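To keep things clear, I will list the structure first and then write my remarks on it.
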Amino acid sequence: MKTIRLATSTTLPLPIQQPLRAFVEARSMPATSLDQRPVVLHFAYSIGGGGAEAMLMNLAESLDPAKFRTVVVAINAKPWTHQLHRLHEAGVDVHDLESTTYLNPRTLARLHAVLRAERPDIVQTWTHHADLVGGWAARVAGVRNIVWSIHCREIHRNPGDSDVKMALFRRALSYSSRFIPQRIISCSATAIEDHAAIGYPRGKMRWIPNGINVERFVPDTDVGLDTRAEMKLPPTAPVIGYIGRFHEMKDLATFLRAAALLQARVPEAHFVFCGGVEIELGEVERELLAQLPQRQQVRFDSFRADPWRLYPALSVFSLSSRTEACPMTLIEAMSCGVPCVTTDVGDCGRLLEGVGQVVPMRDPAALAAAWEKALQLGATAREEIARQSRERVLEKFTIAHAARQYAETYAELVEVKS
């Protein structure tokens with residue numbers, strides 16, 4: 001089998017490159033190891049840039065290494081050097097297929113080679129395209145235990161995809177869901193209903209909400225002030241923040257329309273968009289940005305390796321999405337004690353459950369009014385919201401809690417030695 005070259009061979013220091021390269025070469029040879037742990041192989045497009053990827057990282061770091069050996073295979077891991085370091089530190093083996101598309105003969109050949117070398121006991125795939133491609137590839141490679149993941153309510157269209165292609169893709173997912181995966185894990189209770197409606201077997205689906213590292217995402221006033229200084233934000237100014245992809249499902253047009261309404265009433269309001277740069281906005285969004293009363297009070301920050309340092313700098317965290325499943329960013333903000341305002345989509349209301357504000361989607365006036373209400377909270381009220389938000393995360397949305405449920409699901413499929 002041709003040895004797969006890792007992205008780390010060009011992006012990580014030599015002390016990290018060598019053991020990873022040696023591992024791949026060793027796995028190409030006949031097995032002589034006494035390691036009896038079940039191998040769980042995760043297949044995804046990438047290891048950064050979205051909520052599903054963040055959950056994959058959290059889970060890979062948190063599964064008990066005494067019980068499972070964790071392997072991550074990504075179509076394209078090279079841009080995410082920080083995540084590669086995190087996985088290495090957690091003892092996770094990483095394969096980068098060094099591609100940009102799923103359905104490329106070279107990519108599929110490399111994926112098949114990894115599956116044959118690793119001989120996983122379980123393959124878990126992440127997001128719809130990975131489910132279909134990775135699920136079938138695992139089945140062809142002889143893997144019986146396949147777990148799909150649902151991290152979106154919708155099956156999203158890639159740029160250039162026709163209506164016919166999308167219809168065929170949905171039909172292929174629905175058909176394959178009946179016999180390719182043994183289990184289907186959804187981070188969202190709402191998404192289970194959506195997928196049952198298009199033919200996914202309800203009996204295979206299990207709801208496991210996303211979980212975060214609550215020791216990393218903590219309330220920290222000093223860190224918030226440091227981050228504001230780094231971003232040249234006034235230490236006492238009201239700051240509304242968004243963290244996430246610049247995808248049409250996030251409806252940043254509504255966010256910017258609400259921003260204009262708020263700045264008309266609260267001229268000192270600042271806004272932070274983290275997850276992309278201005279040029280990545282659509283044409284409509286760029287036009288709305290230019291019309292803001294205080295355009296100079298908007299900051300853009302591309303993807304951060306340390307988002308836990310940004311949340312404490314915010315007065316309010318907000319989502320304006322037209323659809324969500326179980327947004328990691330909302331849980332992270334809650335864990336940092338930041339008041340949250342979100343549209344009433346997916347599991348957002350279920351996550352907040354009274355400790356934040358929920359508004360109708362595509363309603364800029366309601367969104368701006370909720371922001372203004374949050375900014376008017378006194379110190380005591382903010383402290384109480386911070387306390388309740390953090391307690392709710394500690395009770396229901398820690399990665400330790402989620403990892404236990406994933407481990408239980410895996411143990412239903414393979415024998416796990418205690």
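By convention here, the chains of the structure tokens are called A, B, ... in the order presented, each chain's residues are numbered starting at 1, and ligands are numbered starting at 1 in the order presented.
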Applying 12 Å and only C-alpha atoms, which residues near stretch 190-201 of chain A remain after dropping the ones on its own chain fewer than 4 positions away? List them as a PDB file with C-alpha atoms, in the first residue's frame.
ATOM      1  CA  HIS A 128     -23.837  14.367   4.924  1.00  0.00           C
ATOM      2  CA  TRP A 148     -23.258   8.434  10.627  1.00  0.00           C
ATOM      3  CA  SER A 149     -23.462  11.921  12.137  1.00  0.00           C
ATOM      4  CA  ILE A 150     -26.123  14.607  11.659  1.00  0.00           C
ATOM      5  CA  HIS A 151     -24.916  18.154  12.295  1.00  0.00           C
ATOM      6  CA  CYS A 152     -27.263  20.120  10.026  1.00  0.00           C
ATOM      7  CA  ARG A 153     -31.007  20.189   9.700  1.00  0.00           C
ATOM      8  CA  GLU A 154     -30.687  20.670   5.936  1.00  0.00           C
ATOM      9  CA  ILE A 155     -28.675  18.869   3.282  1.00  0.00           C
ATOM     10  CA  ALA A 167     -32.356  15.557  -5.532  1.00  0.00           C
ATOM     11  CA  PHE A 169     -27.938  13.209  -3.377  1.00  0.00           C
ATOM     12  CA  ARG A 170     -30.891  13.381  -0.973  1.00  0.00           C
ATOM     13  CA  ARG A 171     -32.325  10.184  -2.431  1.00  0.00           C
ATOM     14  CA  ALA A 172     -28.964   8.419  -2.134  1.00  0.00           C
ATOM     15  CA  LEU A 173     -28.649   9.475   1.517  1.00  0.00           C
ATOM     16  CA  SER A 174     -32.174   8.345   2.335  1.00  0.00           C
ATOM     17  CA  TYR A 175     -31.693   4.991   0.620  1.00  0.00           C
ATOM     18  CA  SER A 176     -28.223   4.380   2.087  1.00  0.00           C
ATOM     19  CA  SER A 177     -29.297   5.327   5.614  1.00  0.00           C
ATOM     20  CA  ARG A 178     -31.392   2.167   5.781  1.00  0.00           C
ATOM     21  CA  PHE A 179     -28.506  -0.306   5.504  1.00  0.00           C
ATOM     22  CA  ILE A 180     -25.078   1.428   5.551  1.00  0.00           C
ATOM     23  CA  PRO A 181     -24.963   2.827   9.135  1.00  0.00           C
ATOM     24  CA  GLN A 182     -25.724   0.760  12.205  1.00  0.00           C
ATOM     25  CA  ARG A 183     -26.268   3.947  14.208  1.00  0.00           C
ATOM     26  CA  ILE A 184     -26.953   7.590  13.305  1.00  0.00           C
ATOM     27  CA  ILE A 185     -26.009  10.168  15.928  1.00  0.00           C
ATOM     28  CA  SER A 186     -27.658  13.582  15.724  1.00  0.00           C
ATOM     29  CA  MET A 205     -31.057   7.662  15.310  1.00  0.00           C
ATOM     30  CA  ARG A 206     -29.827   8.810  18.716  1.00  0.00           C
ATOM     31  CA  TRP A 207     -29.731  12.351  20.070  1.00  0.00           C
ATOM     32  CA  ILE A 208     -26.394  13.312  21.643  1.00  0.00           C
ATOM     33  CA  PRO A 209     -26.077  17.098  22.046  1.00  0.00           C
ATOM     34  CA  THR A 323     -31.490  27.350  10.401  1.00  0.00           C
ATOM     35  CA  GLU A 324     -29.310  25.660  13.011  1.00  0.00           C
ATOM     36  CA  ALA A 325     -28.920  22.229  14.558  1.00  0.00           C
ATOM     37  CA  CYS A 326     -27.098  22.485  17.913  1.00  0.00           C
ATOM     38  CA  ASP A 344     -35.667  30.590  17.226  1.00  0.00           C
ATOM     39  CA  VAL A 345     -34.294  27.852  14.969  1.00  0.00           C
ATOM     40  CA  GLY A 346     -33.218  24.260  15.534  1.00  0.00           C
ATOM     41  CA  ASP A 347     -32.284  23.493  19.124  1.00  0.00           C
ATOM     42  CA  CYS A 348     -31.295  27.091  19.997  1.00  0.00           C
ATOM     43  CA  GLY A 349     -34.258  27.701  22.280  1.00  0.00           C
ATOM     44  CA  ARG A 350     -33.716  24.302  23.902  1.00  0.00           C
ATOM     45  CA  LEU A 351     -30.081  25.213  24.616  1.00  0.00           C
TER      46      LEU A 351
END
Which residues of stretch 378-414 of chain A have any atom within 12 Å of an atom in stretch 311-318 of chain A when counting only C-alpha atoms, and what is the closest pair of atoms for each, with the distance in Å to one decimal? Order the rows by chain and rising number and write it as a Markdown table.
| residue | atom | partner | partner_atom | distance |
| --- | --- | --- | --- | --- |
| A:Gly378 | CA | A:Ser315 | CA | 11.9 |
| A:Ala379 | CA | A:Ser315 | CA | 11.6 |
| A:Arg382 | CA | A:Ser315 | CA | 9.6 |
| A:Ile385 | CA | A:Val316 | CA | 11.5 |
| A:Ala386 | CA | A:Pro312 | CA | 10.8 |
Take the residues from that selection and put them in a file with C-alpha atoms, as a PDB file, in the first residue's frame.
ATOM      1  CA  GLY A 378     -27.403  45.866  35.243  1.00  0.00           C
ATOM      2  CA  ALA A 379     -24.335  44.233  36.786  1.00  0.00           C
ATOM      3  CA  ARG A 382     -25.628  40.036  34.055  1.00  0.00           C
ATOM      4  CA  ILE A 385     -27.393  35.238  33.640  1.00  0.00           C
ATOM      5  CA  ALA A 386     -23.707  34.291  33.560  1.00  0.00           C
TER       6      ALA A 386
END
Close residues, A:Leu330 itself excluded, 10 Å, only C-alpha atoms, min 3 positions apart in chain, as number ranges by chain:
A: 242-243, 317-319, 326-327, 333-336, 338-342, 348, 351-352
List the spatial neighbours of A:Leu115 as a list in words - criterion: any atom at most 7 Å away, only C-alpha atoms, same-chain residues fewer than 4 positions off excluded.
Leu111, Arg119, Pro120, Ala138 and Ala141 of chain A
So that I can see what lies close to stretch 272-279 of chain A, please list as a VMD selection string the residues with an atom at most 8 Å from it, counting only C-alpha atoms and leaving out residues fewer than 3 positions away in the same chain.
chain A and resid 49 239 to 246 282 286 298 to 304
Using only C-alpha atoms, can you tell me which of A:Gln291, A:Thr343, A:Gln263, A:Asn213 comes closest to A:Met55?
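Among the listed residues, A:Asn213 lies closest to A:Met55.
Proximity ranking of A:Arg387, A:Ala130, A:Ala305, A:Leu262 relative to A:Trp80 places A:Ala305 first, based on only C-alpha atoms.
Of the residues in stretch 284-331 of chain A, those given strand (DSSP E or B) by DSSP on the backbone are Val298, Arg299, Phe300, Asp301, Val316, Phe317, Ser318 and Leu319 of chain A.
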Calculate how many Å separate atom CA of A:Ala369 from atom CA of A:Leu288, rounding to one decimal.
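Atom-to-atom, atom CA of A:Ala369 to atom CA of A:Leu288, that is 18.5 Å.
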Here is a test: counting only C-alpha atoms, which residue of A:Leu168, A:Ala54, A:Ala44, A:Ala113 is nearest to A:Thr101?
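That would be A:Ala44, the residue with the smallest distance to A:Thr101.
Atom CA of A:Val94 to atom CA of A:Leu41 spans 9.6 Å [interatomic distance, one decimal].
Minimum atom-to-atom distance to A:Thr125, evaluated using only C-alpha atoms, belongs to A:Ser46 out of A:Ser46, A:Thr221, A:Gln376, A:Thr254.
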Selection near stretch 401-406 of chain A, 8 Å with only C-alpha atoms, sequence-local residues under 6 positions removed, as a list in words
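In the requested form, the answer reads Leu59, Ser62, Leu63, Ile208, Pro209, Asn210 and Gly211 of chain A.
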Atoms kept (N, CA and C atoms) for selection, written as a PDB file, in the first residue's frame:
ATOM      1  N   LEU A  59     -14.363  15.427  20.697  1.00  0.00           N
ATOM      2  CA  LEU A  59     -14.573  14.009  20.964  1.00  0.00           C
ATOM      3  C   LEU A  59     -13.264  13.229  20.841  1.00  0.00           C
ATOM      4  N   SER A  62     -11.297  13.508  23.835  1.00  0.00           N
ATOM      5  CA  SER A  62     -11.936  13.137  25.105  1.00  0.00           C
ATOM      6  C   SER A  62     -12.274  11.666  25.255  1.00  0.00           C
ATOM      7  N   LEU A  63     -12.336  10.893  24.167  1.00  0.00           N
ATOM      8  CA  LEU A  63     -12.605   9.468  24.297  1.00  0.00           C
ATOM      9  C   LEU A  63     -11.502   8.810  25.130  1.00  0.00           C
ATOM     10  N   ILE A 208     -27.481  12.999  20.712  1.00  0.00           N
ATOM     11  CA  ILE A 208     -26.394  13.312  21.643  1.00  0.00           C
ATOM     12  C   ILE A 208     -26.005  14.766  21.397  1.00  0.00           C
ATOM     13  N   PRO A 209     -26.418  15.685  22.257  1.00  0.00           N
ATOM     14  CA  PRO A 209     -26.077  17.098  22.046  1.00  0.00           C
ATOM     15  C   PRO A 209     -24.569  17.314  22.019  1.00  0.00           C
ATOM     16  N   ASN A 210     -24.152  18.359  21.344  1.00  0.00           N
ATOM     17  CA  ASN A 210     -22.743  18.729  21.313  1.00  0.00           C
ATOM     18  C   ASN A 210     -22.236  19.011  22.720  1.00  0.00           C
ATOM     19  N   GLY A 211     -20.941  18.846  22.904  1.00  0.00           N
ATOM     20  CA  GLY A 211     -20.330  19.125  24.199  1.00  0.00           C
ATOM     21  C   GLY A 211     -19.033  19.887  24.027  1.00  0.00           C
TER      22      GLY A 211
END
Using only C-alpha atoms, which of the listed residues (A:Val133, A:Leu375, A:Val266, A:Val92) sits closest to A:Asn104?
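The closest residue to A:Asn104 is A:Val133.
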Tell me, as a ChimeraX atom specification, which residues lie within 7 Å of A:Ile47, counting only C-alpha atoms; anything in the same chain fewer than 4 positions away does not count.
/A:53,57,74,77,80,83
Next, the residues of the selection above should be written as an mmCIF file, in the first residue's frame with N, CA and C atoms.
data_model
loop_
_atom_site.group_PDB
_atom_site.id
_atom_site.type_symbol
_atom_site.label_atom_id
_atom_site.label_comp_id
_atom_site.auth_asym_id
_atom_site.auth_seq_id
_atom_site.Cartn_x
_atom_site.Cartn_y
_atom_site.Cartn_z
ATOM 1 N N GLU A 53 -16.842 20.024 12.911
ATOM 2 C CA GLU A 53 -15.410 19.804 13.063
ATOM 3 C C GLU A 53 -14.957 20.064 14.502
ATOM 4 N N MET A 57 -13.199 17.343 16.979
ATOM 5 C CA MET A 57 -11.969 17.598 17.739
ATOM 6 C C MET A 57 -12.177 17.314 19.217
ATOM 7 N N ALA A 74 -8.990 12.981 7.244
ATOM 8 C CA ALA A 74 -9.604 14.185 6.678
ATOM 9 C C ALA A 74 -9.267 14.309 5.196
ATOM 10 N N ALA A 77 -6.716 18.417 5.781
ATOM 11 C CA ALA A 77 -6.389 18.876 7.136
ATOM 12 C C ALA A 77 -5.299 19.932 7.148
ATOM 13 N N TRP A 80 -5.200 23.455 9.009
ATOM 14 C CA TRP A 80 -5.568 23.522 10.420
ATOM 15 C C TRP A 80 -4.432 22.999 11.294
ATOM 16 N N GLN A 83 -5.172 22.521 15.084
ATOM 17 C CA GLN A 83 -5.949 21.324 15.369
ATOM 18 C C GLN A 83 -5.073 20.066 15.249
#
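We find atom CA of A:Ala90 and atom CA of A:Gly337 to be spaced 27.4 Å apart.
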What parts of stretch 29-273 of chain A does DSSP call alpha helix (DSSP H)? I'd like the answer as a VMD selection string.
chain A and resid 51 to 62 81 to 89 105 to 118 128 to 140 163 to 176 189 to 197 221 to 230 252 to 265
Considering only C-alpha atoms, state which residue in the set A:Val123, A:Ala400, A:Val218, A:Leu87 is at the smallest distance from A:Asn145.
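Ranked by minimum distance to A:Asn145, first place goes to A:Val123.
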